[in-house]
There are 8 protein chains.
Amino acid sequence: MKYKVYLSGEIHTEWREKIISGCIEQGLDITFTSPVINHEASDAAGDLLGEETSSFWRDHKSAKVNAMRVKNAIKNADIAIIRFGEKYKQWNAAFDAGFCAALDIPYITLHDETLIHALKEVDGTAQAWATSPLQIVKILTYLSSE
Amino acid sequence: MKYKVYLSGEIHTEWREKIISGCIEQGLDITFTSPVINHEASDAAGDLLGEETSSFWRDHKSAKVNAMRVKNAIKNADIAIIRFGEKYKQWNAAFDAGFCAALDIPYITLHDETLIHALKEVDGTAQAWATSPLQIVKILTYLSSE
Amino acid sequence: MKYKVYLSGEIHTEWREKIISGCIEQGLDITFTSPVINHEASDAAGDLLGEETSSFWRDHKSAKVNAMRVKNAIKNADIAIIRFGEKYKQWNAAFDAGFCAALDIPYITLHDETLIHALKEVDGTAQAWATSPLQIVKILTYLSSE
Amino acid sequence: MKYKVYLSGEIHTEWREKIISGCIEQGLDITFTSPVINHEASDAAGDLLGEETSSFWRDHKSAKVNAMRVKNAIKNADIAIIRFGEKYKQWNAAFDAGFCAALDIPYITLHDETLIHALKEVDGTAQAWATSPLQIVKILTYLSSE
Amino acid sequence: MKYKVYLSGEIHTEWREKIISGCIEQGLDITFTSPVINHEASDAAGDLLGEETSSFWRDHKSAKVNAMRVKNAIKNADIAIIRFGEKYKQWNAAFDAGFCAALDIPYITLHDETLIHALKEVDGTAQAWATSPLQIVKILTYLSSE
Amino acid sequence: MKYKVYLSGEIHTEWREKIISGCIEQGLDITFTSPVINHEASDAAGDLLGEETSSFWRDHKSAKVNAMRVKNAIKNADIAIIRFGEKYKQWNAAFDAGFCAALDIPYITLHDETLIHALKEVDGTAQAWATSPLQIVKILTYLSSE
Amino acid sequence: MKYKVYLSGEIHTEWREKIISGCIEQGLDITFTSPVINHEASDAAGDLLGEETSSFWRDHKSAKVNAMRVKNAIKNADIAIIRFGEKYKQWNAAFDAGFCAALDIPYITLHDETLIHALKEVDGTAQAWATSPLQIVKILTYLSSE
Amino acid sequence: MKYKVYLSGEIHTEWREKIISGCIEQGLDITFTSPVINHEASDAAGDLLGEETSSFWRDHKSAKVNAMRVKNAIKNADIAIIRFGEKYKQWNAAFDAGFCAALDIPYITLHDETLIHALKEVDGTAQAWATSPLQIVKILTYLSSE
């Protein structure tokens, strides 16, 4: 079987590359999508439509531009991988998880043991919890088997 | 007009009480629902079905029990208020926001200016951002007017 | 039969009052909802959350606050009446019509003959076109008959 | 990422061509759809099924024929661009915006500053507001980046 | 259990009255809805909005007015009874059946043995086929039992 | 634009062939689907699963087998053409129309003037009414234009 | 909070009575629905519409009559309790679980430890697994707390 | 016509192979999907994410991993074949049937006469009941005919 997989969350480590290259090595028929992961470009997305003086509205404009990409990618996904790293609040990752849950799009969380309690509601509707990109590759390999 | 309003998020300050009592003072026809806001009872919800030795599964069981209440409350809500406080990760609040967004249930965020950038995706799909319970009461009063 | 009827559009003439009082005279079991029809209050809805210096963002904030009322009212409606008057662009009325169409909520347009060509797409998905509040009352009376 | 983009609204200026050619220049993988933009052919669409003596029913028939194309194009679109020009009422453009909103299809409005207040409800549910086709091309280029 | 039951189809015999009075006798907690069953009033429904010279458009206008009542009644129904009598084409009854089927609203057909072959597609998605109002009353009594 | 078109209804005249060959001549990019139009094979569809002694259940079994094809074809269609001929009750055609209406799949009816009054509810939710396959080809050609 | 709870599955032990009486003792605001739990009446439901000679069609007719009650009850439920006892195949209980899962209606399974492996897919989408009616009462009490 | 067919249920006999090879012989344009049918691999799916000491949670983890494949396959299917064999409880097969029913995905059951009474609710919403893979091939051949 083949899948479309959305990679949501943390943008400061190499987890996406590890999953993608791991799946390529396994020869899986998977199409990956992601948000724009260039942090500065993402924050500045709204500036393309004119600059803002208020930081709230600048963020607002950028977030709404980015949402067009994210919403389409999630709605077209068969499975989402949602990564929580060590830094930052990462509320957008939890937001994506809730969005998936409501649309009945299965998702796998990817995070360390230290975050178990804080992520219990997000994990509670997840289909699985993984601690490493390698585990994600193994699960996707298993799910893709003939 | 009358509304059913779900109060999501932070459970360690009095924001819910302030909104509810403020709306009562204004004589609004609003029904409020909330998650179980007793922290210990909420964490122990799953223990009612037998205790777990693994902390992951204990959290998992409790989260899934609590989700029955939360999901029903959100699905029945006309409007959600989603509160982010100063402490903790509060990923469940962001999760609820994503859930509302996917179901097209309008929500208002309630948080300080310091969280603007971190919450930009959550605010980006919100219908409004408030900084105090009093503002929420004003908005609900306005929305309820004949 | 009883109905919930949403009254969308023009806020500068007495058409809402005429329909409501006409239905009361007929003894119909109809619940009416409307947007906030105080023009100034409606434009200032967002100011309750803090004032804006940019006119775009002031309008934006107010529109999103008002949308919470309008969306809920439309989603709960069995029938919408959508009024186009002589003045202004009234794009919000056409927007409401499109919203109703996508949700399969039947609507009746209320406008003069002079607007026929300009409103052809809006009338094309309407269930009926009326030219006076009295006609609306007659239709609602007919639809409510035992 | 690739997108299907619906171009709704004004049919008397070259904005569609500018967006399409701009996206081709950028090498984007975007499929564009539009309503029939030949004004006379569009008004006469219903005549293919026999002529009408009443102008209302002639418009009605044509509008319903055209709606088959428009509805299908919108439902299949990932993003809609909704253009409001200087002339005419353009209620069909606002209608399309409402239709998109209800189906949760993200849309970008394209209009001058002079229309801000009149379009506040339409902009309020839009993901972005642009003032030139070039800005639209920039946004689509950004959203399409790997 | 209690139900909302829509009574669709034939308007020239007493089948509706028999079912309603039979259910009242059994003390069932059922709310019944119907289309307007006054044939002349139904055909003239659109005349309330102005008369038409073309018979097609007169019928069209009336059908669309009536559809507001029918659609709302069906969407609110738990169960529909769809009656096919001996006379007329009764395509509206079959249309209602298809409408119910797509919305997953269970329906029972009510017709004689002579119509079995002609109604096989309509019966194929029905939950039951009855030949008399008395059978309908029996089924509704059974379904309502504690 | 390209379309998937479902051809529903009458199976005893050549209307399907005329539409398909007309569209091929016009070079349209349309995929057509139909029910099984071999009358005897259609009636005997259920016999493949074992014969029945009761004519009701034989029809029932066949109708349910055929429904798998019809439902899938309608759900995948962008537009349906629904043909009512001169003979038979053709309740399945009206059923398909109701099914389309509930799923918001636009359909065009194809029938003679003599059936106008009997088909008023079916025509009332149709996007168009045609009287000949040639008109259908013209409409599809128009809708397909670049 | 108040709930509507559907009690699905086993009909040969007193588990329903224990849950209902337990909730009444706790003073909970819960409305319970159930299938018809008189085994013989349930099997004979279709006989009300005429007797069948084939056992397959007799079962078929009865199952479809019963489904009208079950479907309505499940669709109206906030939570379902799905009981698997020691005897019989109880495929209808697993069917109800799948139906709930697809509609995103949360359910709790009620069964002994001996059935864990056989029910793993059904438990996998459940919100909780209980082993006694008393545990169900405790969970419902918890979920109903103010 | 072409179809996507999901093969649900029993994994200990050759029924899948017989259907697939039969359809290939007939030259049908059908894409088949299945759950992972290696029993041991399926039970151990969750172990890829770390081993569990509790048998309940081991099963739970595996079931939720497998559900990602099954849910996607069912949602993408045009038709499901649901096989009940002689051994085991096979509640997952009945669960899949309920899932299909709620999503209005037509399914055919495949089982012996001995299971008729136990499967009456599952058969009651099925589009057909077959007793051999050969019958399934015949039905799919019929449904695929031009």
# chains A, B, ... in the order shown; residues from 1 in each chain; ligands from 1
>>> select_by_dssp(residues="chain E", states="strand (DSSP E)", output="PyMOL selection string")
chain E and resi 3-9+30-33+79-83+107-110+128-130
>>> interface_residues(of="chain E", to="chain F", cutoff="6 Å", atoms="only C-alpha atoms", output="mmCIF file with N, CA, C and O atoms, in the first residue's frame")
data_model
loop_
_atom_site.group_PDB
_atom_site.id
_atom_site.type_symbol
_atom_site.label_atom_id
_atom_site.label_comp_id
_atom_site.auth_asym_id
_atom_site.auth_seq_id
_atom_site.Cartn_x
_atom_site.Cartn_y
_atom_site.Cartn_z
ATOM 1 N N ASP E 59 -44.795 25.718 -12.447
ATOM 2 C CA ASP E 59 -44.516 24.492 -11.698
ATOM 3 C C ASP E 59 -43.184 24.597 -10.954
ATOM 4 O O ASP E 59 -43.050 24.157 -9.806
ATOM 5 N N HIS E 60 -42.209 25.147 -11.640
ATOM 6 C CA HIS E 60 -40.873 25.276 -11.072
ATOM 7 C C HIS E 60 -40.906 26.095 -9.781
ATOM 8 O O HIS E 60 -40.354 25.689 -8.752
ATOM 9 N N ALA E 63 -42.697 24.213 -7.034
ATOM 10 C CA ALA E 63 -41.904 23.079 -6.547
ATOM 11 C C ALA E 63 -40.801 23.558 -5.611
ATOM 12 O O ALA E 63 -40.527 22.922 -4.582
ATOM 13 N N LYS E 64 -40.191 24.674 -5.946
ATOM 14 C CA LYS E 64 -39.093 25.162 -5.112
ATOM 15 C C LYS E 64 -39.599 25.731 -3.787
ATOM 16 O O LYS E 64 -38.905 25.637 -2.764
ATOM 17 N N TRP E 91 -43.380 10.713 -9.022
ATOM 18 C CA TRP E 91 -41.922 10.781 -9.037
ATOM 19 C C TRP E 91 -41.371 11.527 -7.814
ATOM 20 O O TRP E 91 -40.243 11.311 -7.410
ATOM 21 N N ASN E 92 -42.175 12.406 -7.267
ATOM 22 C CA ASN E 92 -41.717 13.111 -6.070
ATOM 23 C C ASN E 92 -41.510 12.143 -4.899
ATOM 24 O O ASN E 92 -40.617 12.338 -4.080
ATOM 25 N N ALA E 94 -40.549 8.980 -5.131
ATOM 26 C CA ALA E 94 -39.283 8.282 -5.396
ATOM 27 C C ALA E 94 -38.096 9.218 -5.181
ATOM 28 O O ALA E 94 -37.037 8.803 -4.696
ATOM 29 N N PHE E 95 -38.293 10.471 -5.539
ATOM 30 C CA PHE E 95 -37.254 11.479 -5.294
ATOM 31 C C PHE E 95 -36.977 11.587 -3.795
ATOM 32 O O PHE E 95 -35.813 11.602 -3.369
ATOM 33 N N ASP E 96 -38.026 11.660 -2.989
ATOM 34 C CA ASP E 96 -37.848 11.724 -1.530
ATOM 35 C C ASP E 96 -37.105 10.504 -1.015
ATOM 36 O O ASP E 96 -36.253 10.607 -0.120
ATOM 37 N N GLY E 98 -34.882 8.702 -2.624
ATOM 38 C CA GLY E 98 -33.462 8.868 -2.961
ATOM 39 C C GLY E 98 -32.781 9.877 -2.054
ATOM 40 O O GLY E 98 -31.628 9.694 -1.645
ATOM 41 N N PHE E 99 -33.515 10.914 -1.737
ATOM 42 C CA PHE E 99 -32.993 11.941 -0.833
ATOM 43 C C PHE E 99 -32.720 11.336 0.551
ATOM 44 O O PHE E 99 -31.653 11.558 1.139
ATOM 45 N N ALA E 102 -29.596 8.970 0.498
ATOM 46 C CA ALA E 102 -28.291 9.642 0.496
ATOM 47 C C ALA E 102 -27.958 10.231 1.860
ATOM 48 O O ALA E 102 -26.791 10.337 2.222
ATOM 49 N N LYS E 120 -38.399 -1.721 -7.394
ATOM 50 C CA LYS E 120 -37.353 -2.548 -6.779
ATOM 51 C C LYS E 120 -36.142 -1.748 -6.307
ATOM 52 O O LYS E 120 -35.551 -2.051 -5.283
ATOM 53 N N GLU E 121 -35.769 -0.695 -7.024
ATOM 54 C CA GLU E 121 -34.628 0.104 -6.559
ATOM 55 C C GLU E 121 -34.997 0.911 -5.312
ATOM 56 O O GLU E 121 -34.176 1.099 -4.414
ATOM 57 N N GLY E 124 -35.159 -1.478 -2.556
ATOM 58 C CA GLY E 124 -33.839 -2.050 -2.293
ATOM 59 C C GLY E 124 -33.052 -1.287 -1.233
ATOM 60 O O GLY E 124 -32.212 -1.859 -0.538
#
>>> closest_residue(among="D:Ile19, D:His111, D:Glu25, D:Pro35", to="Ala73 in chain D", atoms="only C-alpha atoms")
D:Pro35
>>> select_by_dssp(residues="chain F", states="helix (DSSP H, G or I)", output="PyMOL selection string")
chain F and resi 15-25+39-43+45-49+55-76+91-103+113-115+120-124+133-144
>>> residues_around(residues="range 76-79 of chain E", least_positions_apart="5", cutoff="7 Å", atoms="only C-alpha atoms", output="PyMOL selection string")
(chain E and resi 3-6+105-107) or (chain G and resi 72)
>>> atom_distance(atom1="CA of Lys87 in chain C", atom2="CA of Ala41 in chain D")
29.1 Å
>>> atom_distance(atom1="CA of Ala45 in chain D", atom2="CA of Leu134 in chain F")
14.7 Å
>>> closest_residue(among="C:Arg83, C:Ile139, C:Leu110, C:Ser132", to="Lys18 in chain C", atoms="only C-alpha atoms")
C:Ser132
>>> atom_distance(atom1="CA of Leu140 in chain H", atom2="CA of Ser34 in chain H")
16.7 Å
